[in-house]
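What's in protein_2.csv: CSV, C-alpha atoms and all ligand atoms
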chain,number,residue,atom,x,y,z
A,14,MET,CA,32.4,-25.1,-110.6
A,15,MET,CA,34.7,-22.1,-110.6
A,16,PRO,CA,37.8,-22.4,-108.5
A,17,HIS,CA,37.4,-20.9,-105.0
A,18,LEU,CA,38.2,-17.3,-104.4
A,19,ASP,CA,41.7,-16.8,-102.9
A,20,ASP,CA,42.2,-14.9,-99.6
A,21,GLN,CA,43.6,-11.9,-101.4
A,22,THR,CA,40.4,-11.4,-103.4
A,23,LEU,CA,38.3,-11.9,-100.2
A,24,SER,CA,40.4,-9.4,-98.3
A,25,ASP,CA,40.3,-6.9,-101.1
A,26,LEU,CA,36.6,-7.3,-101.4
A,27,LEU,CA,36.2,-6.3,-97.7
A,28,ASP,CA,38.2,-3.2,-98.4
A,29,ASP,CA,36.3,-2.4,-101.6
A,30,ALA,CA,39.7,-2.6,-103.4
A,31,LEU,CA,38.6,-4.7,-106.4
A,32,ASP,CA,37.8,-3.2,-109.7
A,33,ALA,CA,34.2,-3.6,-110.9
A,34,PRO,CA,34.6,-6.8,-113.1
A,35,ALA,CA,36.6,-8.6,-110.4
A,36,ARG,CA,34.1,-7.5,-107.8
A,37,SER,CA,31.2,-8.8,-109.7
A,38,THR,CA,32.9,-12.1,-110.4
A,39,ALA,CA,33.7,-12.5,-106.7
A,40,GLU,CA,30.2,-11.6,-105.6
A,41,GLN,CA,28.7,-14.1,-108.1
A,42,HIS,CA,30.9,-16.8,-106.7
A,43,LEU,CA,30.1,-15.9,-103.1
A,44,ALA,CA,26.4,-16.2,-103.9
A,45,SER,CA,26.8,-19.8,-104.9
A,46,CYS,CA,29.7,-21.1,-102.8
A,47,ASP,CA,29.1,-21.7,-99.1
A,48,ALA,CA,32.8,-22.4,-98.4
A,49,CYS,CA,33.9,-19.0,-99.7
A,50,ALA,CA,30.9,-17.2,-98.2
A,51,SER,CA,31.8,-18.6,-94.8
A,52,ARG,CA,35.5,-17.7,-95.2
A,53,VAL,CA,34.7,-14.1,-96.1
A,54,GLN,CA,32.4,-14.0,-93.1
A,55,ARG,CA,35.2,-15.1,-90.8
A,56,LEU,CA,37.5,-12.5,-92.2
A,57,ARG,CA,34.9,-9.9,-91.8
A,58,THR,CA,34.5,-10.9,-88.1
A,59,VAL,CA,38.3,-10.4,-87.6
A,60,VAL,CA,38.1,-7.0,-89.2
A,61,ALA,CA,35.0,-6.0,-87.1
A,62,GLN,CA,36.7,-7.2,-83.9
A,63,ALA,CA,39.8,-5.2,-84.7
A,64,ALA,CA,37.7,-2.1,-85.2
A,65,ALA,CA,36.0,-2.6,-81.9
A,66,LEU,CA,39.2,-2.9,-79.9
A,67,PRO,CA,39.6,-0.2,-77.2
A,68,ARG,CA,41.3,2.9,-78.5
A,69,THR,CA,43.3,3.5,-75.4
A,70,MET,CA,45.3,1.4,-72.9
A,71,PRO,CA,46.4,2.3,-69.4
A,72,THR,CA,49.7,4.1,-69.4
A,73,PRO,CA,52.6,2.9,-67.2
A,74,ALA,CA,52.9,4.7,-63.8
A,75,GLY,CA,55.4,7.5,-63.9
A,76,GLU,CA,55.3,8.0,-67.6
A,77,TRP,CA,54.5,11.7,-67.5
A,78,GLN,CA,57.3,12.2,-64.9
A,79,SER,CA,59.8,10.7,-67.3
A,80,ILE,CA,58.6,12.8,-70.2
A,81,ARG,CA,58.6,15.9,-68.1
A,82,ALA,CA,62.2,15.2,-67.1
A,83,ARG,CA,63.2,14.8,-70.7
A,84,ILE,CA,61.6,18.0,-72.0
A,85,GLY,CA,63.5,20.0,-69.6
A,86,SER,CA,62.5,23.3,-68.1
A,87,GLY,CA,60.2,24.6,-70.8
A,88,GLY,CA,58.2,26.4,-68.1
A,89,SER,CA,56.8,25.7,-64.7
A,90,ALA,CA,54.4,22.8,-64.6
A,91,VAL,CA,51.6,23.7,-62.3
A,92,LEU,CA,51.2,21.0,-59.7
A,93,HIS,CA,47.6,20.6,-58.8
A,94,ALA,CA,47.0,17.2,-57.4
A,95,PRO,CA,44.6,15.6,-59.8
A,96,TRP,CA,43.2,12.1,-59.5
A,97,TRP,CA,45.7,10.6,-61.9
A,98,THR,CA,48.8,11.5,-59.8
A,99,ARG,CA,47.0,9.9,-56.9
A,100,ARG,CA,46.3,6.9,-59.0
A,101,GLY,CA,49.9,6.9,-60.3
A,102,ALA,CA,51.2,7.1,-56.8
A,103,LEU,CA,48.9,4.3,-55.6
A,104,LEU,CA,49.8,2.2,-58.5
A,105,ALA,CA,53.5,2.7,-58.0
A,106,ALA,CA,53.1,1.8,-54.4
A,107,GLY,CA,51.2,-1.3,-55.1
A,108,LEU,CA,50.7,-3.0,-58.4
A,109,ALA,CA,49.5,-2.2,-61.8
A,110,LEU,CA,47.8,-4.3,-64.2
A,111,VAL,CA,48.3,-3.3,-67.8
A,112,ILE,CA,46.9,-4.8,-70.9
A,113,ALA,CA,49.8,-5.5,-73.1
A,114,SER,CA,49.7,-6.4,-76.7
A,115,SER,CA,50.6,-9.9,-75.7
A,116,GLY,CA,47.5,-10.2,-73.7
A,117,LEU,CA,47.3,-9.7,-70.0
A,118,THR,CA,50.5,-8.7,-68.4
A,119,LEU,CA,50.9,-8.2,-64.7
A,120,LEU,CA,53.3,-5.5,-63.9
A,121,PHE,CA,54.9,-5.8,-60.5
A,122,VAL,CA,56.6,-2.8,-59.0
A,123,SER,CA,59.1,-3.9,-56.4
A,124,GLY,CA,62.0,-2.0,-55.1
A,125,GLY,CA,61.6,0.6,-57.8
A,126,ARG,CA,62.1,-1.9,-60.6
A,127,ASP,CA,59.3,-2.8,-62.9
A,128,VAL,CA,59.2,-6.4,-63.6
A,129,ALA,CA,56.7,-7.3,-66.4
A,130,MET,CA,55.6,-10.8,-66.3
A,131,GLN,CA,54.3,-12.3,-69.5
A,132,PRO,CA,51.0,-14.2,-69.3
A,133,THR,CA,52.8,-17.4,-70.3
A,134,SER,CA,54.7,-17.2,-67.0
A,135,PRO,CA,53.6,-20.0,-64.7
A,136,ALA,CA,53.5,-17.4,-61.9
A,137,VAL,CA,50.4,-15.8,-63.4
A,138,THR,CA,48.0,-18.5,-62.5
A,139,PRO,CA,44.3,-17.8,-62.2
A,140,ALA,CA,44.6,-18.2,-58.4
A,141,ALA,CA,47.1,-15.4,-58.4
A,142,LEU,CA,45.2,-13.3,-60.7
A,143,THR,CA,42.1,-12.9,-58.7
A,144,PRO,CA,43.5,-11.1,-55.6
A,145,ARG,CA,45.4,-8.7,-57.9
A,146,LEU,CA,42.2,-8.0,-59.8
A,147,ALA,CA,40.4,-7.4,-56.6
A,148,ALA,CA,43.1,-4.9,-55.5
A,149,LEU,CA,42.9,-3.2,-58.8
A,150,GLU,CA,39.1,-3.0,-58.6
A,151,HIS,CA,39.5,-1.4,-55.2
A,152,GLU,CA,41.9,1.1,-56.8
A,153,TYR,CA,39.5,1.9,-59.6
A,154,ALA,CA,36.7,2.4,-57.0
A,155,THR,CA,38.8,5.0,-55.3
A,156,VAL,CA,39.6,6.8,-58.5
A,157,THR,CA,36.0,6.7,-59.7
A,158,ARG,CA,34.6,8.0,-56.4
A,159,ASP,CA,36.9,11.0,-56.5
A,160,LEU,CA,35.9,11.8,-60.1
A,161,GLU,CA,32.2,11.3,-59.3
A,162,ARG,CA,32.5,13.7,-56.4
A,163,GLU,CA,34.3,16.2,-58.6
A,164,LEU,CA,31.7,15.9,-61.3
A,165,ALA,CA,28.8,16.2,-58.8
A,166,GLU,CA,30.2,19.5,-57.7
A,167,ARG,CA,30.4,20.9,-61.2
A,168,LYS,CA,27.3,19.2,-62.6
A,169,HIS,CA,25.3,22.4,-62.6
A,170,THR,CA,27.5,23.8,-65.4
A,171,LEU,CA,26.4,21.0,-67.8
A,172,SER,CA,23.3,21.0,-69.9
A,173,PRO,CA,20.5,18.5,-68.9
A,174,GLU,CA,21.1,16.8,-72.3
A,175,THR,CA,24.8,16.3,-71.5
A,176,ILE,CA,24.0,15.0,-68.0
A,177,ALA,CA,21.5,12.6,-69.4
A,178,ALA,CA,24.0,11.4,-72.1
A,179,VAL,CA,26.7,10.9,-69.4
A,180,GLU,CA,24.3,9.0,-67.2
A,181,ARG,CA,23.2,6.7,-70.0
A,182,SER,CA,26.7,6.0,-70.9
A,183,LEU,CA,27.7,5.4,-67.3
A,184,HIS,CA,24.8,3.0,-67.0
A,185,THR,CA,25.9,1.1,-70.1
A,186,ILE,CA,29.5,0.8,-68.8
A,187,GLU,CA,28.4,-0.2,-65.3
A,188,THR,CA,26.2,-2.9,-66.7
A,189,ALA,CA,29.2,-4.2,-68.7
A,190,ILE,CA,31.4,-4.1,-65.7
A,191,ALA,CA,28.9,-6.0,-63.6
A,192,GLU,CA,28.5,-8.6,-66.4
A,193,ALA,CA,32.2,-9.1,-66.7
A,194,ARG,CA,32.5,-9.4,-62.9
A,195,ASP,CA,29.7,-12.0,-62.7
A,196,ALA,CA,31.2,-14.0,-65.6
A,197,LEU,CA,34.6,-13.8,-63.9
A,198,ALA,CA,33.1,-15.2,-60.7
A,199,ARG,CA,32.0,-18.2,-62.7
A,200,ASP,CA,35.3,-18.5,-64.7
A,201,PRO,CA,38.0,-16.9,-62.5
A,202,GLY,CA,40.8,-18.1,-64.8
A,203,SER,CA,39.7,-16.2,-67.9
A,204,GLU,CA,42.1,-13.6,-69.0
A,205,THR,CA,39.7,-12.3,-71.6
A,206,LEU,CA,37.1,-11.6,-68.9
A,207,ALA,CA,39.7,-10.0,-66.6
A,208,ARG,CA,40.7,-7.8,-69.6
A,209,LEU,CA,37.0,-6.9,-70.2
A,210,LEU,CA,36.6,-6.0,-66.6
A,211,VAL,CA,39.6,-3.8,-66.6
A,212,ALA,CA,38.6,-2.2,-69.9
A,213,GLY,CA,35.2,-1.5,-68.4
A,214,HIS,CA,36.7,0.3,-65.5
A,215,ASP,CA,39.0,2.2,-67.8
A,216,GLN,CA,36.1,3.3,-69.9
A,217,LYS,CA,34.3,4.5,-66.8
A,218,VAL,CA,37.2,6.5,-65.6
A,219,GLU,CA,37.7,7.9,-69.1
A,220,LEU,CA,34.0,8.9,-69.4
A,221,LEU,CA,34.0,10.6,-65.9
A,222,ARG,CA,37.2,12.3,-66.8
A,223,HIS,CA,35.8,13.7,-70.1
A,224,ALA,CA,32.6,14.7,-68.3
A,225,THR,CA,34.5,16.5,-65.5
A,226,ARG,CA,36.5,18.3,-68.1
A,227,LEU,CA,33.4,19.4,-70.0
A,228,ALA,CA,32.0,20.6,-66.7
A,229,THR,CA,35.1,22.5,-65.9
A,230,GLN,CA,35.1,24.2,-69.3
A,231,SER,CA,31.5,25.5,-69.3
B,22,MET,CA,24.9,3.0,-78.2
B,23,SER,CA,26.2,5.8,-80.3
B,24,LEU,CA,26.3,8.1,-77.3
B,25,THR,CA,28.6,5.8,-75.5
B,26,GLY,CA,30.7,5.7,-78.6
B,27,SER,CA,31.0,9.3,-79.1
B,28,ILE,CA,31.7,10.1,-75.5
B,29,VAL,CA,34.0,7.2,-74.5
B,30,ARG,CA,35.9,6.4,-77.7
B,31,GLY,CA,35.8,9.1,-80.3
B,32,PRO,CA,37.3,12.6,-79.7
B,33,SER,CA,34.2,14.6,-79.3
B,34,PRO,CA,34.2,18.1,-80.9
B,35,ALA,CA,34.5,19.6,-77.4
B,36,VAL,CA,37.6,17.4,-76.6
B,37,ALA,CA,39.1,18.2,-80.0
B,38,ASP,CA,38.6,21.9,-79.4
B,39,GLU,CA,40.1,21.6,-75.9
B,40,SER,CA,43.1,19.8,-77.4
B,41,ALA,CA,43.6,22.5,-80.0
B,42,GLU,CA,43.5,25.2,-77.4
B,43,LEU,CA,45.9,23.3,-75.1
B,44,ALA,CA,48.3,22.6,-78.0
B,45,ARG,CA,48.4,26.3,-78.8
B,46,ARG,CA,49.2,27.1,-75.2
B,47,ALA,CA,51.9,24.4,-75.2
B,48,GLN,CA,53.4,25.9,-78.4
B,49,HIS,CA,54.2,28.9,-76.2
B,50,GLY,CA,56.0,26.7,-73.7
B,51,ASP,CA,53.1,26.1,-71.3
B,52,VAL,CA,54.1,22.8,-69.7
B,53,ALA,CA,50.9,22.6,-67.7
B,54,ALA,CA,48.9,22.7,-70.9
B,55,PHE,CA,51.2,20.1,-72.4
B,56,GLU,CA,50.6,17.9,-69.4
B,57,ARG,CA,46.9,18.1,-69.9
B,58,LEU,CA,47.4,17.2,-73.6
B,59,TYR,CA,49.4,14.2,-72.4
B,60,ARG,CA,46.7,13.2,-70.0
B,61,ALA,CA,44.0,13.4,-72.7
B,62,HIS,CA,45.9,11.4,-75.3
B,63,ALA,CA,48.4,9.2,-73.6
B,64,GLY,CA,46.1,6.2,-73.6
B,65,HIS,CA,45.8,6.2,-77.3
B,66,VAL,CA,49.5,6.7,-77.9
B,67,ARG,CA,50.2,3.8,-75.5
B,68,ALA,CA,47.8,1.6,-77.4
B,69,LEU,CA,49.3,2.5,-80.8
B,70,CYS,CA,52.9,1.8,-79.6
B,71,ILE,CA,52.1,-1.4,-77.9
B,72,ARG,CA,50.1,-2.8,-80.8
B,73,LEU,CA,52.7,-1.8,-83.3
B,74,CYS,CA,55.7,-3.2,-81.5
B,75,ALA,CA,54.1,-6.0,-79.5
B,76,ASP,CA,56.5,-5.4,-76.6
B,77,GLY,CA,55.5,-3.6,-73.4
B,78,GLN,CA,59.1,-2.4,-72.6
B,79,ARG,CA,59.7,-1.0,-76.1
B,80,ALA,CA,56.3,0.5,-76.2
B,81,GLU,CA,57.2,2.5,-73.2
B,82,GLU,CA,60.3,3.9,-74.9
B,83,PHE,CA,58.4,4.6,-78.0
B,84,ALA,CA,55.6,6.5,-76.2
B,85,GLN,CA,58.1,8.6,-74.3
B,86,ASP,CA,60.1,9.3,-77.5
B,87,ALA,CA,56.8,10.3,-79.3
B,88,TRP,CA,55.8,12.7,-76.5
B,89,VAL,CA,59.2,14.3,-76.4
B,90,ARG,CA,59.1,14.7,-80.1
B,91,VAL,CA,55.6,16.2,-79.9
B,92,TRP,CA,57.0,18.8,-77.5
B,93,GLU,CA,59.9,19.6,-79.7
B,94,ARG,CA,57.9,19.8,-82.9
B,95,LEU,CA,54.8,21.4,-81.6
B,96,SER,CA,55.6,24.6,-83.5
B,97,THR,CA,55.1,22.6,-86.7
B,98,TRP,CA,51.5,21.8,-85.8
B,99,ARG,CA,49.5,24.5,-87.7
B,100,GLY,CA,46.1,23.4,-86.7
B,101,GLU,CA,45.1,22.2,-90.2
B,102,ALA,CA,44.7,18.7,-88.9
B,103,ALA,CA,43.2,17.9,-85.6
B,104,PHE,CA,45.8,17.7,-82.9
B,105,SER,CA,45.0,14.0,-82.3
B,106,THR,CA,45.5,13.2,-86.0
B,107,TRP,CA,48.9,15.0,-86.0
B,108,LEU,CA,49.9,13.3,-82.8
B,109,HIS,CA,48.9,9.8,-83.9
B,110,ARG,CA,50.8,10.2,-87.2
B,111,LEU,CA,53.9,11.4,-85.3
B,112,THR,CA,53.7,8.4,-83.0
B,113,VAL,CA,53.4,6.0,-85.9
B,114,ASN,CA,56.4,7.6,-87.5
B,115,VAL,CA,58.5,7.2,-84.3
B,116,VAL,CA,57.8,3.5,-84.2
B,117,LEU,CA,58.2,2.9,-87.9
B,118,GLU,CA,61.5,4.9,-88.1
B,119,SER,CA,62.9,2.7,-85.4
B,120,PHE,CA,61.8,-0.4,-87.3
B,121,ARG,CA,63.5,0.9,-90.4
B,122,ALA,CA,66.7,1.6,-88.5
B,123,GLU,CA,66.6,-1.8,-87.1
B,124,ARG,CA,66.1,-3.4,-90.5
B,125,ARG,CA,69.1,-1.4,-91.8
B,126,ARG,CA,71.2,-2.7,-89.0
B,127,LEU,CA,70.1,-6.2,-89.7
B,128,ALA,CA,70.6,-5.9,-93.4
B,129,ARG,CA,74.3,-5.1,-92.7
B,130,VAL,CA,74.8,-8.4,-90.9
B,131,THR,CA,72.5,-10.7,-92.9
B,132,LEU,CA,72.1,-10.9,-96.7
B,133,ALA,CA,68.4,-11.6,-96.7
B,134,GLY,CA,66.7,-8.3,-96.1
B,135,ASP,CA,63.3,-9.9,-95.5
B,136,GLU,CA,60.6,-7.7,-94.2
B,137,ASP,CA,60.0,-9.9,-91.1
B,138,ASP,CA,63.6,-10.6,-90.2
B,139,ALA,CA,63.4,-8.2,-87.4
B,140,ASP,CA,60.6,-10.1,-85.7
B,141,ALA,CA,61.2,-11.9,-82.5
B,142,ALA,CA,60.5,-15.6,-82.9
B,143,ILE,CA,56.7,-16.1,-82.8
B,144,PRO,CA,56.0,-18.7,-80.2
B,145,ALA,CA,53.8,-21.5,-81.5
B,146,PRO,CA,50.5,-21.5,-79.8
B,147,GLU,CA,49.7,-24.4,-77.5
B,148,PRO,CA,47.3,-26.9,-79.1
B,149,GLY,CA,43.8,-25.8,-78.5
B,150,ASP,CA,45.0,-22.5,-77.2
B,151,ALA,CA,42.3,-20.0,-78.2
B,152,LEU,CA,43.9,-16.6,-78.4
B,153,ASP,CA,42.2,-13.3,-77.8
B,154,LEU,CA,42.6,-10.8,-80.7
B,155,GLU,CA,45.1,-8.6,-78.8
B,156,ARG,CA,47.5,-11.5,-78.2
B,157,ALA,CA,47.0,-12.8,-81.7
B,158,ILE,CA,47.9,-9.4,-83.2
B,159,ALA,CA,51.1,-9.4,-81.1
B,160,ARG,CA,52.1,-12.8,-82.6
B,161,LEU,CA,51.8,-11.5,-86.2
B,162,PRO,CA,55.0,-11.0,-88.2
B,163,ARG,CA,55.9,-7.3,-87.9
B,164,GLY,CA,55.1,-6.3,-91.5
B,165,ALA,CA,51.7,-7.8,-91.4
B,166,ARG,CA,51.0,-6.5,-87.9
B,167,THR,CA,52.0,-2.9,-88.8
B,168,VAL,CA,49.6,-2.8,-91.7
B,169,PHE,CA,46.8,-4.5,-89.8
B,170,VAL,CA,47.0,-2.2,-86.8
B,171,LEU,CA,47.1,0.9,-89.0
B,172,HIS,CA,44.3,-0.2,-91.3
B,173,ASP,CA,41.9,-2.4,-89.3
B,174,VAL,CA,42.4,-1.1,-85.8
B,175,GLU,CA,43.3,2.6,-86.4
B,176,GLY,CA,41.3,3.0,-89.6
B,177,TYR,CA,43.9,4.6,-91.8
B,178,ARG,CA,43.2,4.2,-95.6
B,179,HIS,CA,45.5,2.2,-97.9
B,180,SER,CA,46.9,5.4,-99.4
B,181,GLU,CA,47.7,6.9,-96.0
B,182,ILE,CA,49.5,3.7,-95.0
B,183,ALA,CA,51.4,3.6,-98.2
B,184,THR,CA,52.7,7.1,-97.4
B,185,MET,CA,53.5,6.2,-93.8
B,186,THR,CA,55.3,2.9,-94.5
B,187,GLY,CA,56.6,3.5,-98.0
B,188,LEU,CA,55.0,0.3,-99.1
B,189,ALA,CA,53.5,-0.1,-102.5
B,190,GLU,CA,49.7,-0.5,-102.3
B,191,GLY,CA,49.9,-4.1,-103.7
B,192,THR,CA,52.4,-5.1,-101.0
B,193,LEU,CA,50.3,-3.4,-98.4
B,194,ARG,CA,47.2,-5.3,-99.5
B,195,ALA,CA,49.1,-8.6,-99.4
B,196,GLN,CA,50.4,-7.9,-95.9
B,197,LEU,CA,46.9,-7.0,-94.8
B,198,CYS,CA,45.5,-10.2,-96.2
B,199,ARG,CA,48.3,-12.2,-94.6
B,200,ALA,CA,47.5,-10.6,-91.2
B,201,ARG,CA,43.8,-11.3,-91.5
B,202,ARG,CA,44.3,-14.9,-92.5
B,203,LEU,CA,46.8,-15.5,-89.7
B,204,LEU,CA,44.5,-13.9,-87.2
B,205,MET,CA,41.6,-15.9,-88.4
B,206,GLU,CA,43.6,-19.1,-88.0
B,207,MET,CA,44.9,-18.2,-84.6
B,208,LEU,CA,41.4,-17.2,-83.3
B,209,ASP,CA,39.7,-20.2,-84.8
B,210,ARG,CA,42.0,-22.7,-83.1
A,301,ZN,ZN,34.3,-20.9,-103.4

Show me the file's structure as structure tokens.
Amino acid sequence: MMPHLDDQTLSDLLDDALDAPARSTAEQHLASCDACASRVQRLRTVVAQAAALPRTMPTPAGEWQSIRARIGSGGSAVLHAPWWTRRGALLAAGLALVIASSGLTLLFVSGGRDVAMQPTSPAVTPAALTPRLAALEHEYATVTRDLERELAERKHTLSPETIAAVERSLHTIETAIAEARDALARDPGSETLARLLVAGHDQKVELLRHATRLATQS
Amino acid sequence: MSLTGSIVRGPSPAVADESAELARRAQHGDVAAFERLYRAHAGHVRALCIRLCADGQRAEEFAQDAWVRVWERLSTWRGEAAFSTWLHRLTVNVVLESFRAERRRLARVTLAGDEDDADAAIPAPEPGDALDLERAIARLPRGARTVFVLHDVEGYRHSEIATMTGLAEGTLRAQLCRARRLLMEMLDR
């Protein structure tokens, strides 16, 4: 029996970074070795999960204001009151939940100082998480309602195909949100589910925002 | 669900066109256009910063620095690349430059100039503590994390990452392999 394939070979195989002879040797081995085949499959899963991570994360409240202050007076920023400033204001007044790289981080805004609490903190217990999530969901509902109203007003400028596509996408996202919420009701302590729920809401806001923008343009 | 994908995740051609138009207006000092660019792309810049540095506080600084630099260097965007491509490159550069500066500072006080010296201590996971991928990525050593985020999350090619990081392709592939193996172990626990 040939020695097992090392991780570097398996990793390179996934990236198509092996030369032809090395690749064919590796593939032959994989065809006859369950251990290596299973290891490459697990690596492949990691790679696939990474590719499926959300491309965007919620930005901290007030970020634009800080940037705006730093770029100086390059012109006059037109202040229309779009949903996001509303959202920003509401978040700043209450609480924001951000998905940090270290998992779920609860960001408390108190007395103008942001205090980020790491998920390992004993204060972030499942019992404490739930009311915050509920508050956040309420917040998302407000934002979404505003966007949906805005979109409804401009819907006539979109093609029927676009409207259908948006509606299909909305349905998919809403199903995902409902599923995450149901699962969370059964397992209220799950950070992964909380994260999924928030990601679902973000996707919905993102979709509505794009659709509204498309409608504004046409 | 390709439709969902194209609308929700990818920059659709319409969004890319809109960004290009906004970027051209911002090049002429239109702050309102720049704000709309920010609104359209801030979430991705945030994700990039936070995944690369694994620190919410620093990610906030990096994102702001990136946007300020975008504003300052907008005139160098010529429209050959999509605005988002240019923006993401610039963001990665802001973060990596800071890492390099940090390594130089560390190299002055320590003799070992190891790639991962600048990493904060990686807390050992609790026994049986299954990690989600996002948290597991944050626990990777910096060198491995950088390459993993750029390649497997953001989809840059080996050659592009070599240019951005200055790493030889062999080193880069070794870091990528290391990241994937560590993640596999953390997620399998
Ligand atoms: Zn084998």

Selection near Trp88 of chain B, 9 Å with all atoms listed in the file, sequence-local residues under 6 positions removed, as number ranges by chain: A: 80; B: 59, 63, 66, 108, 112

Could you save those same residues with C-alpha atoms as a short mmCIF file (atom, residue, chain, number, x, y, z; two decimals), keeping the file's coordinate frame?
data_model
loop_
_atom_site.label_atom_id
_atom_site.label_comp_id
_atom_site.auth_asym_id
_atom_site.auth_seq_id
_atom_site.Cartn_x
_atom_site.Cartn_y
_atom_site.Cartn_z
CA ILE A 80 58.60 12.80 -70.20
CA TYR B 59 49.40 14.20 -72.40
CA ALA B 63 48.40 9.20 -73.60
CA VAL B 66 49.50 6.70 -77.90
CA LEU B 108 49.90 13.30 -82.80
CA THR B 112 53.70 8.40 -83.00
#

Contacts of Arg57 of chain B within 10 Å, only C-alpha atoms, excl. fewer than 6 positions in-chain, as a list of chain:residue names: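 In the requested form, the answer reads B:Glu39, B:Ser40, B:Leu43, B:Ala44, B:Ala47, B:Ala63.
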
Counting only C-alpha atoms, chain B residues within 7 Å of chain A, as a PyMOL selection string: chain B and resi 24-25+28-30+50-53+63-65+67-68+71-72+75-77+85+88-89+153+155-156+159+173-174+195+198+201+205

Å distance separating atom CA of His169 of chain A from atom CA of Tyr153 of chain A, one decimal place: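 Spanning atom CA of His169 of chain A to atom CA of Tyr153 of chain A is a straight-line distance of 25.1 Å.
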
Selection as a list in words: residues within 6 Å of ligand ZN 301 (chain A) by only C-alpha atoms and all ligand atoms: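 Counting only what the definition allows, namely only C-alpha atoms and all ligand atoms, the set is His17, Leu18, Cys46, Ala48 and Cys49 of chain A.
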
Just to be explicit: take each residue in the selection above, keep C-alpha atoms, and write the result as a compact mmCIF listing (two decimals), keeping the file's coordinate frame.
# COMPACT_ATOMS: atom_id res chain seq x y z
CA HIS A 17 37.40 -20.90 -105.00
CA LEU A 18 38.20 -17.30 -104.40
CA CYS A 46 29.70 -21.10 -102.80
CA ALA A 48 32.80 -22.40 -98.40
CA CYS A 49 33.90 -19.00 -99.70

Computed interatomic separation between atom CA of Ala35 of chain B and atom CA of Glu56 of chain B (Å):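 Answer for the atom CA of Ala35 of chain B to atom CA of Glu56 of chain B separation: 18.1 Å.
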
Between atom CA of Ala122 of chain B and atom CA of Ala189 of chain B, distance in Å (one decimal):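 So the answer is 19.3 Å.
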
9 Å contact set for Leu171 of chain B, all atoms listed in the file, chain neighbours under 3 positions out, as a ChimeraX atom specification: /B:69,73,113,166-168,174-178,182

Pick from B:Arg199, B:Arg194, B:Glu206, B:Cys70, whichever lies nearest to Leu117 of chain B using only C-alpha atoms: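 The shortest atom-to-atom distance to Leu117 of chain B comes from B:Cys70.
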
From A:Ile176, A:Thr38, A:Ala33, A:Arg199, residue lying nearest Leu164 of chain A [all atoms listed in the file]: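 The answer is A:Ile176, which sits nearest to Leu164 of chain A.
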
Nearest to Glu93 of chain B, chosen from B:His49, B:Arg210, B:Arg126, B:His109, with all atoms listed in the file counted in the distances: B:His49

Give me segment 164-190 of chain A from this structure - C-alpha atoms, as a PDB file, in the first residue's frame.
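And here is the file that came out, decode_10.pdb:
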ATOM      1  CA  LEU A 164     -40.457  49.692  -3.288  1.00  0.00           C
ATOM      2  CA  ALA A 165     -44.226  49.361  -3.691  1.00  0.00           C
ATOM      3  CA  GLU A 166     -44.402  53.024  -4.690  1.00  0.00           C
ATOM      4  CA  ARG A 167     -41.816  52.596  -7.420  1.00  0.00           C
ATOM      5  CA  LYS A 168     -42.633  49.053  -8.453  1.00  0.00           C
ATOM      6  CA  HIS A 169     -44.266  50.220 -11.686  1.00  0.00           C
ATOM      7  CA  THR A 170     -40.856  51.244 -13.029  1.00  0.00           C
ATOM      8  CA  LEU A 171     -39.579  47.655 -12.857  1.00  0.00           C
ATOM      9  CA  SER A 172     -40.074  45.015 -15.516  1.00  0.00           C
ATOM     10  CA  PRO A 173     -42.398  42.106 -14.654  1.00  0.00           C
ATOM     11  CA  GLU A 174     -39.361  39.784 -14.873  1.00  0.00           C
ATOM     12  CA  THR A 175     -37.470  41.815 -12.308  1.00  0.00           C
ATOM     13  CA  ILE A 176     -40.481  41.961 -10.015  1.00  0.00           C
ATOM     14  CA  ALA A 177     -40.903  38.195 -10.299  1.00  0.00           C
ATOM     15  CA  ALA A 178     -37.208  37.631  -9.575  1.00  0.00           C
ATOM     16  CA  VAL A 179     -37.322  39.906  -6.556  1.00  0.00           C
ATOM     17  CA  GLU A 180     -40.428  38.193  -5.263  1.00  0.00           C
ATOM     18  CA  ARG A 181     -38.933  34.747  -5.681  1.00  0.00           C
ATOM     19  CA  SER A 182     -35.787  35.817  -3.884  1.00  0.00           C
ATOM     20  CA  LEU A 183     -37.804  37.425  -1.106  1.00  0.00           C
ATOM     21  CA  HIS A 184     -39.776  34.237  -0.686  1.00  0.00           C
ATOM     22  CA  THR A 185     -36.576  32.190  -0.395  1.00  0.00           C
ATOM     23  CA  ILE A 186     -35.121  34.541   2.183  1.00  0.00           C
ATOM     24  CA  GLU A 187     -38.341  34.714   4.165  1.00  0.00           C
ATOM     25  CA  THR A 188     -38.516  30.941   4.265  1.00  0.00           C
ATOM     26  CA  ALA A 189     -34.953  30.850   5.562  1.00  0.00           C
ATOM     27  CA  ILE A 190     -35.773  33.462   8.215  1.00  0.00           C
TER      28      ILE A 190
END
